[in-house]
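Trainee: This is the content of run-v8.txt (compact mmCIF, C-alpha atoms):
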# COMPACT_ATOMS: atom_id res chain seq x y z
CA MET A 1 0.00 0.00 0.00
CA ASN A 2 2.84 2.29 0.89
CA LYS A 3 4.37 1.84 -2.52
CA GLN A 4 1.16 2.71 -4.28
CA LEU A 5 0.90 5.93 -2.31
CA ILE A 6 4.30 7.01 -3.52
CA THR A 7 3.65 6.33 -7.18
CA GLU A 8 0.33 8.12 -7.03
CA ASP A 9 2.00 11.03 -5.38
CA LYS A 10 3.61 12.13 -8.60
CA LYS A 11 0.28 12.91 -10.17
CA LEU A 12 -1.64 16.07 -9.39
CA LYS A 13 -4.62 15.35 -7.18
CA ILE A 14 -7.55 17.55 -6.18
CA PRO A 15 -5.91 18.97 -3.03
CA ASP A 16 -2.87 19.86 -5.14
CA LEU A 17 -5.06 21.57 -7.72
CA ILE A 18 -6.79 23.56 -5.01
CA SER A 19 -3.45 24.62 -3.52
CA ILE A 20 -2.33 25.71 -6.98
CA GLY A 21 -5.54 27.69 -7.34
CA VAL A 22 -4.98 29.44 -4.04
CA TYR A 23 -1.38 30.38 -4.86
CA THR A 24 -2.42 31.48 -8.32
CA ALA A 25 -5.02 33.79 -6.81
CA VAL A 26 -2.38 35.45 -4.62
CA TYR A 27 -0.07 35.64 -7.64
CA PHE A 28 -2.78 37.23 -9.72
CA VAL A 29 -3.31 39.83 -7.02
CA MET A 30 0.43 40.54 -7.21
CA VAL A 31 0.21 40.94 -10.98
CA THR A 32 -2.64 43.39 -10.53
CA ILE A 33 -0.62 45.37 -8.00
CA ALA A 34 2.33 45.29 -10.41
CA THR A 35 0.09 46.72 -13.13
CA PHE A 36 -0.83 49.64 -10.92
CA GLY A 37 2.75 50.04 -9.75
CA SER A 38 4.20 50.15 -13.23
CA ASN A 39 1.42 52.52 -14.25
CA LEU A 40 2.74 54.95 -11.69
CA LEU A 41 6.30 54.45 -12.94
CA LEU A 42 5.57 55.16 -16.58
CA PRO A 43 1.98 55.93 -17.51
CA GLY A 44 0.96 54.72 -20.94
CA PHE A 45 3.91 52.39 -21.31
CA SER A 46 3.25 50.57 -18.08
CA TYR A 47 3.23 47.20 -19.79
CA VAL A 48 6.97 47.44 -20.36
CA PHE A 49 7.64 47.18 -16.65
CA LEU A 50 4.72 44.96 -15.70
CA PRO A 51 6.64 41.65 -15.91
CA ALA A 52 9.61 43.08 -14.03
CA VAL A 53 7.64 44.59 -11.16
CA SER A 54 5.57 41.48 -10.85
CA ALA A 55 8.69 39.26 -10.87
CA LEU A 56 10.13 41.42 -8.10
CA ILE A 57 7.23 40.92 -5.72
CA SER A 58 5.99 37.40 -6.46
CA GLY A 59 9.11 35.38 -5.63
CA CYS A 60 7.71 34.14 -2.32
CA ILE A 61 4.61 32.70 -3.93
CA TYR A 62 6.53 30.85 -6.60
CA MET A 63 9.04 29.40 -4.14
CA LEU A 64 6.29 28.34 -1.75
CA MET A 65 4.38 26.62 -4.50
CA ALA A 66 7.46 24.86 -5.84
CA ALA A 67 8.07 23.55 -2.31
CA LYS A 68 4.48 22.64 -1.49
CA VAL A 69 3.47 21.10 -4.81
CA PRO A 70 6.71 19.69 -6.23
CA LYS A 71 4.98 17.90 -9.10
CA PHE A 72 5.20 18.37 -12.80
CA GLY A 73 2.30 20.46 -14.05
CA ALA A 74 1.86 22.75 -11.06
CA ILE A 75 3.83 25.64 -12.51
CA THR A 76 2.34 25.12 -15.96
CA ILE A 77 -1.17 25.28 -14.54
CA MET A 78 -0.34 28.46 -12.64
CA GLY A 79 0.91 30.16 -15.79
CA THR A 80 -2.00 28.89 -17.84
CA VAL A 81 -4.63 30.05 -15.38
CA VAL A 82 -3.04 33.49 -15.06
CA GLY A 83 -2.90 33.70 -18.87
CA LEU A 84 -6.53 32.64 -19.10
CA PHE A 85 -7.59 35.32 -16.63
CA LEU A 86 -5.49 37.98 -18.34
CA PHE A 87 -7.01 37.07 -21.68
CA SER A 88 -10.59 36.99 -20.48
CA SER A 89 -10.15 40.31 -18.72
CA GLY A 90 -9.22 41.90 -22.01
CA HIS A 91 -5.50 41.44 -22.44
CA PHE A 92 -3.81 40.49 -25.62
CA VAL A 93 -4.27 36.86 -26.67
CA LEU A 94 -0.50 36.42 -26.72
CA SER A 95 -0.49 36.77 -22.93
CA LEU A 96 -2.21 33.40 -22.80
CA ILE A 97 0.20 31.79 -25.25
CA ALA A 98 3.29 33.31 -23.63
CA GLY A 99 1.99 32.33 -20.21
CA VAL A 100 1.54 28.70 -21.21
CA LEU A 101 4.85 28.38 -23.03
CA CYS A 102 7.03 30.08 -20.44
CA SER A 103 5.50 28.26 -17.51
CA LEU A 104 5.84 24.92 -19.29
CA LEU A 105 9.50 25.63 -19.85
CA ALA A 106 9.88 26.75 -16.23
CA ASP A 107 8.18 23.57 -15.12
CA LEU A 108 10.60 21.43 -17.14
CA ILE A 109 13.57 23.25 -15.62
CA GLY A 110 12.20 22.66 -12.13
CA LYS A 111 11.44 19.02 -12.88
CA ALA A 112 15.02 18.38 -13.99
CA THR A 113 16.11 18.58 -10.35
CA ALA A 114 12.82 17.39 -8.83
CA TYR A 115 12.07 20.94 -7.60
CA LYS A 116 14.80 20.59 -4.97
CA ASN A 117 17.81 22.52 -6.26
CA LYS A 118 17.61 26.17 -5.19
CA LEU A 119 19.59 27.47 -8.14
CA TRP A 120 17.50 25.64 -10.72
CA ILE A 121 14.28 26.78 -9.11
CA LEU A 122 15.61 30.32 -9.36
CA ALA A 123 16.35 29.74 -13.04
CA SER A 124 12.88 28.35 -13.51
CA TYR A 125 11.41 31.44 -11.83
CA LEU A 126 13.37 33.58 -14.26
CA VAL A 127 11.84 31.79 -17.22
CA PHE A 128 8.41 31.86 -15.62
CA SER A 129 8.64 35.64 -15.23
CA PHE A 130 8.92 36.05 -18.97
CA GLY A 131 5.43 34.64 -19.25
CA LEU A 132 4.08 38.09 -18.47
CA MET A 133 5.76 39.52 -21.55
CA GLY A 134 2.50 38.81 -23.39
CA PRO A 135 0.75 42.02 -22.38
CA VAL A 136 3.86 43.96 -23.49
CA LEU A 137 3.64 42.81 -27.08
CA PRO A 138 0.76 45.05 -28.26
CA LEU A 139 3.24 47.93 -28.01
CA TRP A 140 4.84 46.75 -31.23
CA PHE A 141 1.53 46.38 -33.02
CA MET A 142 0.56 49.79 -31.77
CA LYS A 143 3.71 51.30 -33.19
CA ASP A 144 3.11 49.87 -36.66
CA THR A 145 -0.41 51.18 -36.75
CA TYR A 146 0.65 54.57 -35.57
CA ILE A 147 3.34 54.75 -38.24
CA ALA A 148 0.75 53.83 -40.84
CA LYS A 149 -1.41 56.67 -39.56
CA LEU A 150 1.45 59.16 -39.74
CA GLU A 151 2.25 58.07 -43.28
CA ALA A 152 -1.38 58.52 -44.25
CA ARG A 153 -1.09 62.10 -43.06
CA GLY A 154 1.87 62.71 -45.32
CA LYS A 155 4.82 62.60 -42.96
CA ASP A 156 7.97 61.38 -44.60
CA ALA A 157 9.47 58.03 -43.70
CA ALA A 158 12.83 59.29 -42.43
CA TYR A 159 11.14 61.54 -39.90
CA ILE A 160 9.02 58.70 -38.62
CA GLU A 161 12.01 56.40 -38.34
CA GLY A 162 13.79 59.01 -36.28
CA VAL A 163 10.94 59.30 -33.83
CA PHE A 164 10.67 55.58 -33.28
CA ALA A 165 14.22 54.32 -33.51
CA ASN A 166 14.74 54.63 -29.77
CA ILE A 167 11.33 53.47 -28.70
CA ASN A 168 11.51 50.21 -30.61
CA GLN A 169 14.76 48.53 -29.62
CA GLY A 170 15.10 50.49 -26.42
CA THR A 171 11.88 49.27 -24.88
CA PHE A 172 12.52 45.67 -25.76
CA VAL A 173 15.98 45.64 -24.24
CA ILE A 174 14.79 47.51 -21.17
CA ALA A 175 11.92 45.10 -20.70
CA VAL A 176 14.15 42.02 -20.96
CA VAL A 177 16.96 43.35 -18.78
CA SER A 178 14.58 44.61 -16.11
CA ILE A 179 12.85 41.23 -15.98
CA LEU A 180 16.19 39.44 -15.58
CA ILE A 181 17.31 41.66 -12.73
CA CYS A 182 13.97 41.77 -10.96
CA ALA A 183 13.33 38.03 -11.27
CA VAL A 184 16.69 37.24 -9.65
CA LEU A 185 16.07 39.77 -6.87
CA GLY A 186 12.50 38.60 -6.33
CA GLY A 187 13.47 34.94 -6.43
CA VAL A 188 16.31 35.34 -3.94
CA PHE A 189 14.03 37.36 -1.67
CA GLY A 190 11.43 34.62 -1.94
CA GLN A 191 13.93 31.92 -1.03
CA LYS A 192 15.11 33.99 1.92
CA MET A 193 11.53 34.33 3.11
CA MET A 194 11.06 30.59 2.75
CA ARG A 195 13.98 29.96 5.09
CA LYS A 196 12.98 32.70 7.48
CA HIS A 197 9.29 31.90 7.85
CA PHE A 198 7.95 28.79 6.24
CA GLU A 199 10.68 26.37 7.18
CA LYS A 200 10.58 27.63 10.74
CA ALA A 201 6.84 27.23 10.91
CA GLY A 202 7.18 23.71 9.58
CA ILE A 203 5.00 24.40 6.55
CA VAL A 204 7.72 23.25 4.18
CA SER A 205 10.70 21.11 5.03
CA MET B 206 -34.69 44.71 -21.17
CA LYS B 207 -31.93 42.32 -20.26
CA ILE B 208 -30.19 40.03 -22.67
CA HIS B 209 -27.91 37.30 -21.50
CA LEU B 210 -25.25 36.23 -23.93
CA ASP B 211 -23.51 32.88 -23.89
CA PRO B 212 -20.00 32.90 -22.37
CA ARG B 213 -18.65 31.52 -25.63
CA THR B 214 -20.06 34.49 -27.50
CA LYS B 215 -18.19 36.75 -25.10
CA LEU B 216 -15.06 34.77 -25.78
CA TYR B 217 -15.61 35.33 -29.48
CA PHE B 218 -15.82 39.09 -28.87
CA LEU B 219 -12.50 38.88 -27.05
CA LEU B 220 -10.90 37.07 -29.96
CA LEU B 221 -12.31 39.58 -32.41
CA ALA B 222 -11.00 42.47 -30.35
CA ASN B 223 -7.59 40.80 -30.42
CA LEU B 224 -7.74 40.36 -34.18
CA LEU B 225 -8.32 44.11 -34.45
CA LEU B 226 -4.83 44.58 -33.04
CA PHE B 227 -3.30 41.95 -35.30
CA PHE B 228 -4.65 43.29 -38.56
CA HIS B 229 -4.07 47.03 -38.09
CA VAL B 230 -7.62 47.94 -39.06
CA ASP B 231 -8.46 51.49 -40.01
CA THR B 232 -10.21 53.84 -37.62
CA LYS B 233 -13.60 53.43 -39.30
CA THR B 234 -13.71 49.67 -38.74
CA GLU B 235 -12.34 50.05 -35.26
CA VAL B 236 -15.00 52.55 -34.24
CA MET B 237 -17.77 50.47 -35.80
CA LEU B 238 -16.71 47.35 -33.95
CA THR B 239 -16.21 49.23 -30.71
CA ILE B 240 -19.77 50.53 -30.92
CA LEU B 241 -20.99 46.99 -31.52
CA PHE B 242 -19.06 45.87 -28.45
CA PHE B 243 -20.65 48.65 -26.41
CA ILE B 244 -24.23 47.67 -27.19
CA PRO B 245 -24.38 44.49 -25.03
CA PHE B 246 -23.40 46.59 -22.01
CA PHE B 247 -26.69 48.45 -22.23
CA PHE B 248 -28.68 45.24 -22.06
CA SER B 249 -26.87 43.98 -18.97
CA GLU B 250 -26.64 45.04 -15.32
CA ARG B 251 -23.52 47.01 -16.08
CA ARG B 252 -24.99 49.98 -17.90
CA LYS B 253 -22.91 52.48 -15.91
CA THR B 254 -19.62 50.77 -16.78
CA GLY B 255 -20.65 50.91 -20.42
CA ILE B 256 -21.40 54.62 -20.28
CA GLY B 257 -18.10 55.29 -18.51
CA PHE B 258 -16.11 53.43 -21.15
CA GLY B 259 -18.06 55.15 -23.91
CA VAL B 260 -17.30 58.63 -22.60
CA VAL B 261 -13.58 57.87 -22.27
CA TYR B 262 -13.49 56.41 -25.77
CA VAL B 263 -15.14 59.45 -27.33
CA ILE B 264 -12.76 61.76 -25.48
CA LEU B 265 -9.76 59.75 -26.70
CA LEU B 266 -10.99 59.93 -30.27
CA ALA B 267 -11.70 63.64 -30.06
CA VAL B 268 -8.38 64.54 -28.43
CA GLU B 269 -6.42 62.50 -30.93
CA TYR B 270 -8.10 64.21 -33.85
CA GLY B 271 -7.74 67.58 -32.17
CA MET B 272 -4.00 67.01 -31.79
CA VAL B 273 -3.47 67.15 -35.54
CA PHE B 274 -4.14 70.88 -35.52
CA LEU B 275 -1.49 71.52 -32.89
CA GLY B 276 1.37 71.07 -35.31
CA GLN B 277 4.18 68.53 -35.21
CA SER B 278 6.61 68.27 -32.35
CA VAL B 279 8.23 65.34 -30.62
CA LEU B 280 6.05 65.90 -27.56
CA GLN B 281 2.90 66.07 -29.64
CA ASN B 282 3.87 62.85 -31.38
CA PHE B 283 4.59 61.14 -28.13
CA VAL B 284 1.32 62.12 -26.48
CA SER B 285 -0.61 61.24 -29.57
CA MET B 286 1.03 57.83 -29.76
CA VAL B 287 0.14 57.13 -26.14
CA LEU B 288 -3.45 58.12 -26.89
CA VAL B 289 -3.62 55.95 -29.98
CA GLY B 290 -2.15 53.12 -27.95
CA ILE B 291 -4.75 53.39 -25.25
CA ARG B 292 -7.51 53.66 -27.81
CA MET B 293 -6.27 50.61 -29.65
CA ILE B 294 -6.42 48.35 -26.62
CA PHE B 295 -9.84 49.75 -25.83
CA PRO B 296 -11.84 47.12 -27.75
CA CYS B 297 -9.98 44.48 -25.73
CA LEU B 298 -10.68 46.34 -22.50
CA ILE B 299 -14.38 46.71 -23.25
CA THR B 300 -14.94 43.11 -24.26
CA GLY B 301 -12.85 41.97 -21.31
CA ALA B 302 -14.79 44.09 -18.84
CA TYR B 303 -18.03 42.83 -20.32
CA ALA B 304 -17.00 39.18 -20.19
CA PHE B 305 -15.68 39.51 -16.67
CA SER B 306 -18.51 41.45 -15.10
CA THR B 307 -21.46 39.62 -16.63
CA THR B 308 -20.40 35.98 -16.34
CA GLY B 309 -21.08 33.98 -13.19
CA ILE B 310 -18.66 31.37 -11.89
CA GLY B 311 -21.05 28.53 -12.72
CA GLU B 312 -21.48 29.74 -16.26
CA PHE B 313 -17.77 30.26 -16.74
CA VAL B 314 -16.92 26.78 -15.47
CA CYS B 315 -19.68 25.23 -17.55
CA ALA B 316 -18.34 26.96 -20.66
CA LEU B 317 -14.79 25.79 -19.92
CA ARG B 318 -16.02 22.21 -19.51
CA ARG B 319 -17.98 22.38 -22.75
CA MET B 320 -14.87 23.54 -24.57
CA GLY B 321 -13.15 20.41 -23.37
CA ILE B 322 -10.61 22.05 -21.10
CA THR B 323 -9.09 19.64 -18.61
CA GLU B 324 -10.30 19.53 -15.04
CA LYS B 325 -6.72 20.28 -13.98
CA VAL B 326 -7.11 23.82 -15.24
CA ILE B 327 -10.77 24.25 -14.33
CA VAL B 328 -10.40 23.44 -10.63
CA PRO B 329 -7.65 26.05 -10.04
CA CYS B 330 -9.75 28.55 -12.02
CA MET B 331 -12.69 28.02 -9.72
CA VAL B 332 -10.47 28.34 -6.67
CA VAL B 333 -8.96 31.59 -7.96
CA ILE B 334 -12.38 33.19 -8.31
CA ARG B 335 -13.47 31.84 -4.95
CA PHE B 336 -10.29 33.06 -3.26
CA PHE B 337 -10.22 36.73 -4.34
CA PRO B 338 -12.65 37.95 -1.65
CA THR B 339 -10.61 36.04 0.95
CA VAL B 340 -7.44 37.83 -0.12
CA LYS B 341 -9.19 41.16 0.29
CA GLU B 342 -10.50 40.31 3.73
CA ASP B 343 -7.11 38.93 4.83
CA TYR B 344 -5.39 42.07 3.64
CA ARG B 345 -7.72 44.19 5.74
CA GLN B 346 -7.05 42.08 8.81
CA ILE B 347 -3.29 42.16 8.26
CA LYS B 348 -3.34 45.93 7.86
CA ASN B 349 -5.28 46.21 11.13
CA ALA B 350 -2.83 43.97 12.94
CA MET B 351 0.07 46.01 11.58
CA ALA B 352 -1.58 49.26 12.63
CA LEU B 353 -2.08 47.87 16.12
CA ARG B 354 1.65 47.37 16.41
CA GLY B 355 2.34 50.75 14.88
CA ILE B 356 3.86 49.39 11.67
CA ALA B 357 3.25 51.23 8.41
CA VAL B 358 0.63 53.65 9.72
CA GLY B 359 -0.25 56.51 7.39
CA ASN B 360 -0.85 56.99 3.73
CA PHE B 361 2.49 56.27 2.08
CA ALA B 362 4.07 54.33 4.93
CA LEU B 363 3.93 51.07 2.98
CA LEU B 364 6.03 52.56 0.21
CA ARG B 365 8.77 53.79 2.54
CA HIS B 366 10.00 50.31 3.35
CA PRO B 367 8.87 48.29 0.35
CA ALA B 368 10.72 45.07 1.19
CA GLN B 369 9.46 45.10 4.75
CA SER B 370 5.90 45.85 3.66
CA LEU B 371 6.02 43.02 1.16
CA GLU B 372 7.24 40.59 3.79
CA TYR B 373 4.79 41.68 6.47
CA ILE B 374 1.80 41.49 4.16
CA LEU B 375 2.60 38.63 1.83
CA ILE B 376 3.85 36.10 4.38
CA PRO B 377 0.71 36.11 6.58
CA LEU B 378 -1.34 36.09 3.41
CA LEU B 379 0.44 32.97 2.17
CA MET B 380 0.34 31.32 5.60
CA ASN B 381 -3.40 31.74 5.62
CA ALA B 382 -3.61 30.68 1.98
CA ASN B 383 -2.08 27.37 3.03
CA ASN B 384 -4.77 26.80 5.63
CA VAL B 385 -7.54 27.85 3.29
CA ALA B 386 -6.23 25.47 0.65
CA GLN B 387 -6.57 22.61 3.13
CA ASP B 388 -10.06 23.65 4.22
CA LEU B 389 -11.20 24.09 0.65
CA SER B 390 -9.83 20.68 -0.32
CA VAL B 391 -11.78 18.99 2.44
CA ALA B 392 -14.94 20.92 1.59
CA ALA B 393 -14.64 20.29 -2.13
CA LEU B 394 -13.90 16.60 -1.72
CA THR B 395 -16.95 16.13 0.48
CA LYS B 396 -19.01 17.80 -2.20
CA GLY B 397 -17.73 15.23 -4.66
CA ILE B 398 -15.26 17.17 -6.78
CA GLY B 399 -12.99 14.12 -6.98
CA ILE B 400 -15.61 11.85 -8.52
CA LYS B 401 -14.60 10.47 -11.87
CA GLY B 402 -16.76 10.84 -14.94
CA LYS B 403 -18.81 13.68 -16.31
CA HIS B 404 -19.99 16.30 -13.84
CA THR B 405 -23.43 17.84 -14.03
CA SER B 406 -23.94 21.56 -13.76
CA MET B 407 -26.59 23.69 -12.10
CA VAL B 408 -26.21 26.33 -14.77
CA GLN B 409 -27.01 25.40 -18.33
CA ILE B 410 -25.57 27.36 -21.20
CA ARG B 411 -26.89 27.40 -24.71
CA MET B 412 -26.02 29.20 -27.90
CA LYS B 413 -29.15 31.03 -28.97
CA ALA B 414 -30.08 32.58 -32.28
CA LEU B 415 -29.28 35.97 -30.79
CA ASP B 416 -25.76 34.82 -29.93
CA LEU B 417 -25.12 33.61 -33.43
CA GLY B 418 -26.74 36.67 -35.00
CA TYR B 419 -24.67 39.06 -32.93
CA MET B 420 -21.49 37.15 -33.66
CA ILE B 421 -22.14 37.46 -37.38
CA LEU B 422 -23.04 41.15 -37.02
CA CYS B 423 -19.76 41.80 -35.19
CA SER B 424 -17.77 39.93 -37.80
CA LEU B 425 -19.24 42.01 -40.63
CA PRO B 426 -17.17 45.20 -40.29
CA PHE B 427 -14.10 43.07 -40.02
CA VAL B 428 -14.85 41.01 -43.10
CA LEU B 429 -15.68 44.17 -45.03
CA PHE B 430 -12.33 45.67 -44.04
CA LEU B 431 -10.34 42.61 -45.06
CA GLY B 432 -12.35 42.31 -48.27
CA GLY B 433 -11.84 45.95 -49.16
CA LYS B 434 -8.06 45.74 -48.84
Before we go any further, please render this structure as structure tokens.

Mentor:
Amino acid sequence: MNKQLITEDKKLKIPDLISIGVYTAVYFVMVTIATFGSNLLLPGFSYVFLPAVSALISGCIYMLMAAKVPKFGAITIMGTVVGLFLFSSGHFVLSLIAGVLCSLLADLIGKATAYKNKLWILASYLVFSFGLMGPVLPLWFMKDTYIAKLEARGKDAAYIEGVFANINQGTFVIAVVSILICAVLGGVFGQKMMRKHFEKAGIVS
Amino acid sequence: MKIHLDPRTKLYFLLLANLLLFFHVDTKTEVMLTILFFIPFFFSERRKTGIGFGVVYVILLAVEYGMVFLGQSVLQNFVSMVLVGIRMIFPCLITGAYAFSTTGIGEFVCALRRMGITEKVIVPCMVVIRFFPTVKEDYRQIKNAMALRGIAVGNFALLRHPAQSLEYILIPLLMNANNVAQDLSVAALTKGIGIKGKHTSMVQIRMKALDLGYMILCSLPFVLFLGGK
């Protein structure tokens, strides 16, 4: 009987799914806070910093979930559900796709060391954080449309290029670099919190 | 008069709004579709939200067109691009707000099941919706407890020590989340969530003629635009 328990343990069961749901809810609240926060930082272009701010503050949740539900699928489900909610609350459809892909990749990275190795979990958190790039992508579509509009009004191409040269590459690089830095900071903070609180309280071993 | 649209119709609106972004439609098509997206608001309980969105949208349109007469400067271009950007994600925002505010949990879950999405995604979805009010209540309690001990009292106190605030709020929140997860599991299992096979649903959803008709009506401006290209 004991043996059967162990083999079954690898699969996600209802209590696991409910735990994932609960953590996802807290994570989604963090994403919402990050949206407001980055709106204050840079109104109008807030989406650029959304993934970074959210990565900075959600490390604890990710680390706790990786410790509490160390099974393949947990992280993927978290990313998928967040993507689903973002999409159905009016975000770009790519936020769903990016959410699923990045979290799946993050899940695979975590699985490689059975969700035990701190460094790999951190790496997996880094990848997971890119899942929120989805809402950033409309910026590029927006730019194209706006250029088309300017051209329709008879502005010449060189002028338009000049206006947008910085915005285009600049924002992308800023977005990526800020996610990298913030995800590492947030992840390390999360792991510190795990040691400081949850291990002491006996919630995770 | 109230009209209740099928969740899947709302999902279709969302997809359509997304396609608007993909295909760089012209302003005429965009405005037409946006108006079509507005109409369902006025036949739901969320009339006020609809009016609010409508006013903002008209202002955005007006300001953007007014900007043209101000001449060309980098600042003018920048502001105008921000405005265009906000206006462009507006169809998504409207359809999203509509879908979110007029769909009940039961309906939403039923629609997900009908679309053949695995139970492994549906259960967490249900929990997320169920858990939001708890997060809000917990936050209030935590803030009270913090105030009692004289931590982070005042308007911007939370922002002065961001790391500390994050720790003091998030950790109790997660601790409680752990307990709630256990309670919910027990409650849900007693109610039979773990039973294998097809689950029945209290709420029934059906695609009506109105749903189909409105979907076609909304597709029209889009098809016309693509056809006219």

Trainee: With all atoms listed in the file as the counted atoms, please give the residues lying no more than 12 Å from Ile421 of chain B, apart from itself and same-chain residues fewer than 5 positions off, as a list in words.

Mentor: Thr214, Tyr217, Phe218, Leu221, Leu238, Leu241, Ala414, Leu415, Asp416, Pro426, Phe427 and Val428 of chain B

Trainee: Just want the 8 Å neighbourhood of segment 49-57 of chain A, counted on only C-alpha atoms, with same-chain residues fewer than 2 positions away dropped. Output as a count of residues only.

Mentor: 30

Trainee: Distance cut-off 7 Å, counting all atoms listed in the file - which residues of chain B neighbour chain A? Return them as a list in words.

Mentor: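 In the required form, that comes to Leu219, Asn223, Leu226, Phe227, His229, Met286, Val287, Gly290, Cys297, Leu298, Thr300, Gly301, Ala302, Ala304, Phe305, Lys325, Val326, Val328, Pro329, Cys330, Val332, Val333, Phe336, Phe337, Ala382, Ala386, Ser390 and Gly399 of chain B.
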
Trainee: Suppose you want the space between atom CA of Leu119 of chain A and atom CA of Val173 of chain A; what is it in Å?

Mentor: 24.5 Å

Trainee: For atom CA of Val314 of chain B and atom CA of Leu108 of chain A, quote the distance in Å rounded to one decimal.

Mentor: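 Computing the Euclidean distance for atom CA of Val314 of chain B and atom CA of Leu108 of chain A yields 28.1 Å.
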
Trainee: Record the distance separating atom CA of Ile256 of chain B and atom CA of Ala316 of chain B, expressed in Å with one decimal.

Mentor: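 Pair atom CA of Ile256 of chain B / atom CA of Ala316 of chain B returns 27.8 Å.
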
Trainee: For Val263 of chain B, which residue out of B:Ser249, B:Arg213, B:Val284, B:Arg292 is the nearest one, using all atoms listed in the file?

Mentor: B:Arg292

Trainee: Pick from B:Phe243, B:Phe430, B:Phe361, B:Tyr419: nearest to Leu225 of chain B, with only C-alpha atoms counted?

Mentor: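 Among the listed residues, B:Phe430 lies closest to Leu225 of chain B.
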
Trainee: Given the point (7.0, 24.9, -18.0) in the coordinates of this file, which residues lie within 12 Å, counting only C-alpha atoms, and how would they look as a ChimeraX atom specification?

Mentor: /A:71-80,98-112,121,123-131

Trainee: Would you put the residues from that selection into a file with C-alpha atoms, as an mmCIF file, in the frame of the given file?

Mentor:
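Contents of the output file again_37.cif:
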data_model
loop_
_atom_site.group_PDB
_atom_site.id
_atom_site.type_symbol
_atom_site.label_atom_id
_atom_site.label_comp_id
_atom_site.auth_asym_id
_atom_site.auth_seq_id
_atom_site.Cartn_x
_atom_site.Cartn_y
_atom_site.Cartn_z
ATOM 1 C CA LYS A 71 4.980 17.900 -9.100
ATOM 2 C CA PHE A 72 5.200 18.370 -12.800
ATOM 3 C CA GLY A 73 2.300 20.460 -14.050
ATOM 4 C CA ALA A 74 1.860 22.750 -11.060
ATOM 5 C CA ILE A 75 3.830 25.640 -12.510
ATOM 6 C CA THR A 76 2.340 25.120 -15.960
ATOM 7 C CA ILE A 77 -1.170 25.280 -14.540
ATOM 8 C CA MET A 78 -0.340 28.460 -12.640
ATOM 9 C CA GLY A 79 0.910 30.160 -15.790
ATOM 10 C CA THR A 80 -2.000 28.890 -17.840
ATOM 11 C CA ALA A 98 3.290 33.310 -23.630
ATOM 12 C CA GLY A 99 1.990 32.330 -20.210
ATOM 13 C CA VAL A 100 1.540 28.700 -21.210
ATOM 14 C CA LEU A 101 4.850 28.380 -23.030
ATOM 15 C CA CYS A 102 7.030 30.080 -20.440
ATOM 16 C CA SER A 103 5.500 28.260 -17.510
ATOM 17 C CA LEU A 104 5.840 24.920 -19.290
ATOM 18 C CA LEU A 105 9.500 25.630 -19.850
ATOM 19 C CA ALA A 106 9.880 26.750 -16.230
ATOM 20 C CA ASP A 107 8.180 23.570 -15.120
ATOM 21 C CA LEU A 108 10.600 21.430 -17.140
ATOM 22 C CA ILE A 109 13.570 23.250 -15.620
ATOM 23 C CA GLY A 110 12.200 22.660 -12.130
ATOM 24 C CA LYS A 111 11.440 19.020 -12.880
ATOM 25 C CA ALA A 112 15.020 18.380 -13.990
ATOM 26 C CA ILE A 121 14.280 26.780 -9.110
ATOM 27 C CA ALA A 123 16.350 29.740 -13.040
ATOM 28 C CA SER A 124 12.880 28.350 -13.510
ATOM 29 C CA TYR A 125 11.410 31.440 -11.830
ATOM 30 C CA LEU A 126 13.370 33.580 -14.260
ATOM 31 C CA VAL A 127 11.840 31.790 -17.220
ATOM 32 C CA PHE A 128 8.410 31.860 -15.620
ATOM 33 C CA SER A 129 8.640 35.640 -15.230
ATOM 34 C CA PHE A 130 8.920 36.050 -18.970
ATOM 35 C CA GLY A 131 5.430 34.640 -19.250
#

Trainee: Using all atoms listed in the file for the distances, tell me which of B:Ile299, B:Val230, B:Ile356, B:Ala222 is nearest to Gly255 of chain B.

Mentor: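 Among the listed residues, the smallest separation from Gly255 of chain B belongs to B:Ile299.
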
Trainee: My list of candidates is B:Leu224, B:Ala393, B:Met293, B:Ile374. Which is closest to Lys348 of chain B when distances are computed with only C-alpha atoms?

Mentor: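 Comparing B:Leu224, B:Ala393, B:Met293, B:Ile374 against Lys348 of chain B, the winner is B:Ile374.
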
Trainee: Mind checking which residues fall within 10 Å of Tyr262 of chain B, counting all atoms listed in the file, ignoring those fewer than 3 positions away in the same chain, and posting them as a ChimeraX atom specification?

Mentor: /B:236,239,256-259,265-268,291-292,295-296

Trainee: How would the residues just picked look written out with C-alpha atoms as a PDB file, in the frame of the given file?

Mentor:
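Saved to out-v4.pdb:
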ATOM      1  CA  VAL B 236     -15.000  52.550 -34.240  1.00  0.00           C
ATOM      2  CA  THR B 239     -16.210  49.230 -30.710  1.00  0.00           C
ATOM      3  CA  ILE B 256     -21.400  54.620 -20.280  1.00  0.00           C
ATOM      4  CA  GLY B 257     -18.100  55.290 -18.510  1.00  0.00           C
ATOM      5  CA  PHE B 258     -16.110  53.430 -21.150  1.00  0.00           C
ATOM      6  CA  GLY B 259     -18.060  55.150 -23.910  1.00  0.00           C
ATOM      7  CA  LEU B 265      -9.760  59.750 -26.700  1.00  0.00           C
ATOM      8  CA  LEU B 266     -10.990  59.930 -30.270  1.00  0.00           C
ATOM      9  CA  ALA B 267     -11.700  63.640 -30.060  1.00  0.00           C
ATOM     10  CA  VAL B 268      -8.380  64.540 -28.430  1.00  0.00           C
ATOM     11  CA  ILE B 291      -4.750  53.390 -25.250  1.00  0.00           C
ATOM     12  CA  ARG B 292      -7.510  53.660 -27.810  1.00  0.00           C
ATOM     13  CA  PHE B 295      -9.840  49.750 -25.830  1.00  0.00           C
ATOM     14  CA  PRO B 296     -11.840  47.120 -27.750  1.00  0.00           C
TER      15      PRO B 296
END
